[in-house]
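Student: Below is the structure I would like to discuss, written out as structure tokens.
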Amino acid sequence: MGQFITLTAADGVSVPAYVAQPEGAPRGAVVVLQEIFGVNAHIRDVAERFAVAGYLAVAPSTFERVQSGVELGYAEADMATGFALKTAAEALPGAGVLQDIQAAIDYAAQASGGKVGIIGFCWGGLLSWRSACALKGLSAAVVYYGGGITAEAEIARQPLCPVLAHFGDQDRWIALAGVEAFGQAHPDVGVHVYAASHGFNCDQRGAYNEAAAQQAHARTLDFFARQLG
């Protein structure tokens, strides 16, 4: 089982992060970015899965600057709370939560001694994309149904490392036309669309789609093996 540590961002803010250690020497590291529900049981489980695959996994709390200790479920009330927290985090001045993600990347590189990839889900997917385009020290990035990623301003960004992106064709938050526009603007990004809804990777949500989740995870592991190996 992993444990929480404290990271220090460039501006001195302390940020908790869940760290899952692999058995033996890490083959690299993966930074795991939360949904709008905090570093909850699902995100910790994702980190543990990457540790089983041989990676040091680090999941920073990207809500820390707006509220500490957030751990939500997936009920309607949790959704409303998480969306409000995300809105507050997006409104932070300057680099906002990106400096917390940079601290996680720096820690992951030092602690693993290897290359670092990043993966994010929902809001975390959007942050993973922004990190790939703006932060230092990343060798790969994976986006799962990144909310807002198909906005014109996000599509205009240019990644600094290889990117893999997973979307669902029944996602009520991300229109397929936007996914197509994103793919056309970034032909080097590996874009995959599944017969699934938003949140299809999370086995704690009603939208969970086992077939899509397994296929996306297999593609993600293959991608990280090639880019971080």
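Residue numbering restarts at 1 for every chain of the structure tokens, chains are lettered A, B, ... in their displayed order, and ligands are numbered from 1 as they appear.
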Taking the DSSP secondary structure from the backbone, can you list the residues of range 56-221 of chain A that are strand (DSSP E), as number ranges by chain?
Tutor: A: 56-60, 116-121, 140-144, 163-168, 190-194
Student: For the selection you just gave me, I'd like the residues written to a file as a tab-separated table (two decimals), in the first residue's frame, keeping C-alpha atoms.
Tutor:
```
chain	number	residue	atom	x	y	z
A	56	LEU	CA	6.63	4.73	-9.03
A	57	ALA	CA	3.22	6.45	-8.99
A	58	VAL	CA	2.58	9.91	-7.53
A	59	ALA	CA	-0.93	11.40	-7.22
A	60	PRO	CA	-0.83	15.04	-6.03
A	116	VAL	CA	8.35	10.42	-15.99
A	117	GLY	CA	4.96	10.09	-17.62
A	118	ILE	CA	1.69	11.71	-16.59
A	119	ILE	CA	-1.90	10.52	-16.77
A	120	GLY	CA	-5.13	12.28	-15.87
A	121	PHE	CA	-8.85	11.62	-15.82
A	140	ALA	CA	4.87	11.00	-22.11
A	141	ALA	CA	1.32	12.08	-21.29
A	142	VAL	CA	-2.01	10.25	-21.31
A	143	VAL	CA	-5.40	11.94	-21.33
A	144	TYR	CA	-8.63	10.19	-20.34
A	163	VAL	CA	0.59	12.16	-26.01
A	164	LEU	CA	-2.06	9.43	-25.99
A	165	ALA	CA	-5.76	10.36	-25.60
A	166	HIS	CA	-8.83	8.26	-24.77
A	167	PHE	CA	-12.42	9.41	-25.35
A	168	GLY	CA	-15.89	7.88	-25.22
A	190	GLY	CA	-2.74	8.90	-30.55
A	191	VAL	CA	-6.50	9.50	-30.27
A	192	HIS	CA	-8.72	6.51	-29.44
A	193	VAL	CA	-12.51	6.58	-29.19
A	194	TYR	CA	-14.42	3.87	-27.35
```
Student: Counting only C-alpha atoms, which residues of range 76-132 of chain A fall within 9 Å of range 9-18 of chain A, and what is the closest atom pair for each with its distance in Å at one decimal, ordered by chain and rising number, as CSV?
Tutor:
```
residue,atom,partner,partner_atom,distance
A:Gln99,CA,A:Ala9,CA,5.8
A:Asp100,CA,A:Ala9,CA,5.2
A:Ile101,CA,A:Ala9,CA,8.3
A:Gln102,CA,A:Ala9,CA,7.5
A:Ala103,CA,A:Ala9,CA,5.3
A:Ala104,CA,A:Ala17,CA,7.7
```
Student: I need the chosen residues saved as an mmCIF file, in the first residue's frame, with N, CA and C atoms.
Tutor:
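Result saved to out.cif:
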```
data_model
loop_
_atom_site.group_PDB
_atom_site.id
_atom_site.type_symbol
_atom_site.label_atom_id
_atom_site.label_comp_id
_atom_site.auth_asym_id
_atom_site.auth_seq_id
_atom_site.Cartn_x
_atom_site.Cartn_y
_atom_site.Cartn_z
ATOM 1 N N GLN A 99 1.923 24.390 -10.893
ATOM 2 C CA GLN A 99 3.161 24.363 -10.105
ATOM 3 C C GLN A 99 3.158 23.196 -9.115
ATOM 4 N N ASP A 100 1.970 22.748 -8.696
ATOM 5 C CA ASP A 100 1.886 21.573 -7.826
ATOM 6 C C ASP A 100 2.187 20.305 -8.618
ATOM 7 N N ILE A 101 1.712 20.288 -9.859
ATOM 8 C CA ILE A 101 1.994 19.144 -10.739
ATOM 9 C C ILE A 101 3.483 19.096 -11.074
ATOM 10 N N GLN A 102 4.088 20.266 -11.280
ATOM 11 C CA GLN A 102 5.538 20.298 -11.538
ATOM 12 C C GLN A 102 6.311 19.730 -10.355
ATOM 13 N N ALA A 103 5.860 20.049 -9.144
ATOM 14 C CA ALA A 103 6.512 19.505 -7.954
ATOM 15 C C ALA A 103 6.405 17.985 -7.924
ATOM 16 N N ALA A 104 5.263 17.454 -8.361
ATOM 17 C CA ALA A 104 5.083 16.002 -8.407
ATOM 18 C C ALA A 104 5.986 15.373 -9.458
#
```
Student: Could you tell me how far CA of Gly28 in chain A sits from CA of Leu221 in chain A, in Å to one decimal place?
Tutor: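 We find that CA of Leu221 in chain A and CA of Gly28 in chain A lie 12.0 Å from each other.
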Student: Leaving out range 64-66 of chain A and any residue of its chain fewer than 3 positions from it, which residues lie within 7 Å of it when counting only C-alpha atoms, given as a PDB file with N, CA and C atoms, in the first residue's frame?
Tutor:
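The result, stored in part_14.pdb:
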```
ATOM      1  N   VAL A  15       1.821  20.529  -0.642  1.00  0.00           N
ATOM      2  CA  VAL A  15       0.782  19.771  -1.335  1.00  0.00           C
ATOM      3  C   VAL A  15       0.911  18.293  -0.998  1.00  0.00           C
ATOM      4  N   SER A  61      -2.557  16.156  -4.777  1.00  0.00           N
ATOM      5  CA  SER A  61      -3.884  16.736  -4.572  1.00  0.00           C
ATOM      6  C   SER A  61      -3.952  18.078  -5.284  1.00  0.00           C
ATOM      7  N   LEU A  85     -15.315  23.015  -6.737  1.00  0.00           N
ATOM      8  CA  LEU A  85     -13.894  23.058  -6.386  1.00  0.00           C
ATOM      9  C   LEU A  85     -13.028  23.205  -7.633  1.00  0.00           C
ATOM     10  N   ALA A  88     -13.138  26.753  -8.798  1.00  0.00           N
ATOM     11  CA  ALA A  88     -12.286  27.589  -7.952  1.00  0.00           C
ATOM     12  C   ALA A  88     -10.808  27.387  -8.287  1.00  0.00           C
ATOM     13  N   ALA A  89     -10.421  26.140  -8.523  1.00  0.00           N
ATOM     14  CA  ALA A  89      -9.026  25.851  -8.855  1.00  0.00           C
ATOM     15  C   ALA A  89      -8.646  26.444 -10.205  1.00  0.00           C
TER      16      ALA A  89
END
```
Student: Mind pulling up the distance from CA of Val52 in chain A to CA of Phe4 in chain A?
Tutor: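 Going from CA of Phe4 in chain A over to CA of Val52 in chain A, I get 17.6 Å.
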Student: Identify which of the residues A:Cys133, A:Ile43, A:Ala207, A:Val189 lies closest to Leu98 in chain A, counting only C-alpha atoms when measuring atom-to-atom distances.
Tutor: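 Among the listed residues, the smallest separation from Leu98 in chain A belongs to A:Cys133.
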Student: Just give me the gap between CA of Ala47 in chain A and CA of Gln3 in chain A in Å, one decimal is fine.
Tutor: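 Rounded to one decimal, the two atoms are 10.8 Å apart.
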Student: Between A:Glu35, A:Glu48, A:Ala156, A:Leu228, which residue has the minimum interatomic distance to Gly2 in chain A, considering only C-alpha atoms?
Tutor: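 Result for the nearest residue to Gly2 in chain A: A:Glu48.
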Student: Between A:Gly199, A:Gly125, A:Gly94, A:Gly178, single out the one closest to Gly147 in chain A, counting only C-alpha atoms.
Tutor: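 Distance minimum relative to Gly147 in chain A lands on A:Gly125.
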Student: Which of range 11-182 of chain A end up as alpha helix (DSSP H) when DSSP is run on this backbone - answer as a ChimeraX atom specification?
Tutor: /A:41-52,76-90,98-112,123-134,152-155,176-182
Student: With a distance cut-off of 9 Å and only C-alpha atoms, select the neighbouring residues of Asp171 in chain A, excluding the residue or stretch itself and same-chain residues fewer than 6 positions from it, and output the selection as a list in words.
Tutor: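 Once the adjacent positions are removed, what remains is Tyr145, Ala196, Ser197, His198 and Gly199 of chain A.
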Student: Write the residues of the selection above to a file with N, CA and C atoms, as a CSV table (one decimal), in the first residue's frame.
Tutor:
```csv
chain,number,residue,atom,x,y,z
A,145,TYR,N,-10.6,11.2,-21.3
A,145,TYR,CA,-11.8,12.1,-21.4
A,145,TYR,C,-11.6,13.4,-20.7
A,196,ALA,N,-18.3,4.1,-25.2
A,196,ALA,CA,-18.4,4.3,-23.8
A,196,ALA,C,-18.8,5.7,-23.4
A,197,SER,N,-19.1,5.9,-22.2
A,197,SER,CA,-19.5,7.2,-21.7
A,197,SER,C,-18.3,7.9,-20.9
A,198,HIS,N,-18.5,9.1,-20.5
A,198,HIS,CA,-17.5,9.8,-19.7
A,198,HIS,C,-17.3,9.1,-18.4
A,199,GLY,N,-16.1,8.9,-18.0
A,199,GLY,CA,-15.8,8.2,-16.8
A,199,GLY,C,-15.7,6.7,-16.9
```
Student: Closest to Leu127 in chain A among A:Ile36, A:Ala109, A:Ala20, A:Ala212, using only C-alpha atoms?
Tutor: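 Looking at the shortest contact to Leu127 in chain A, the residue is A:Ile36.
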Student: My list of candidates is A:Phe224, A:Thr6, A:Phe200, A:Val30. Which is closest to Ser112 in chain A when distances are computed with only C-alpha atoms?
Tutor: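 Closest to Ser112 in chain A of all the choices is A:Val30.
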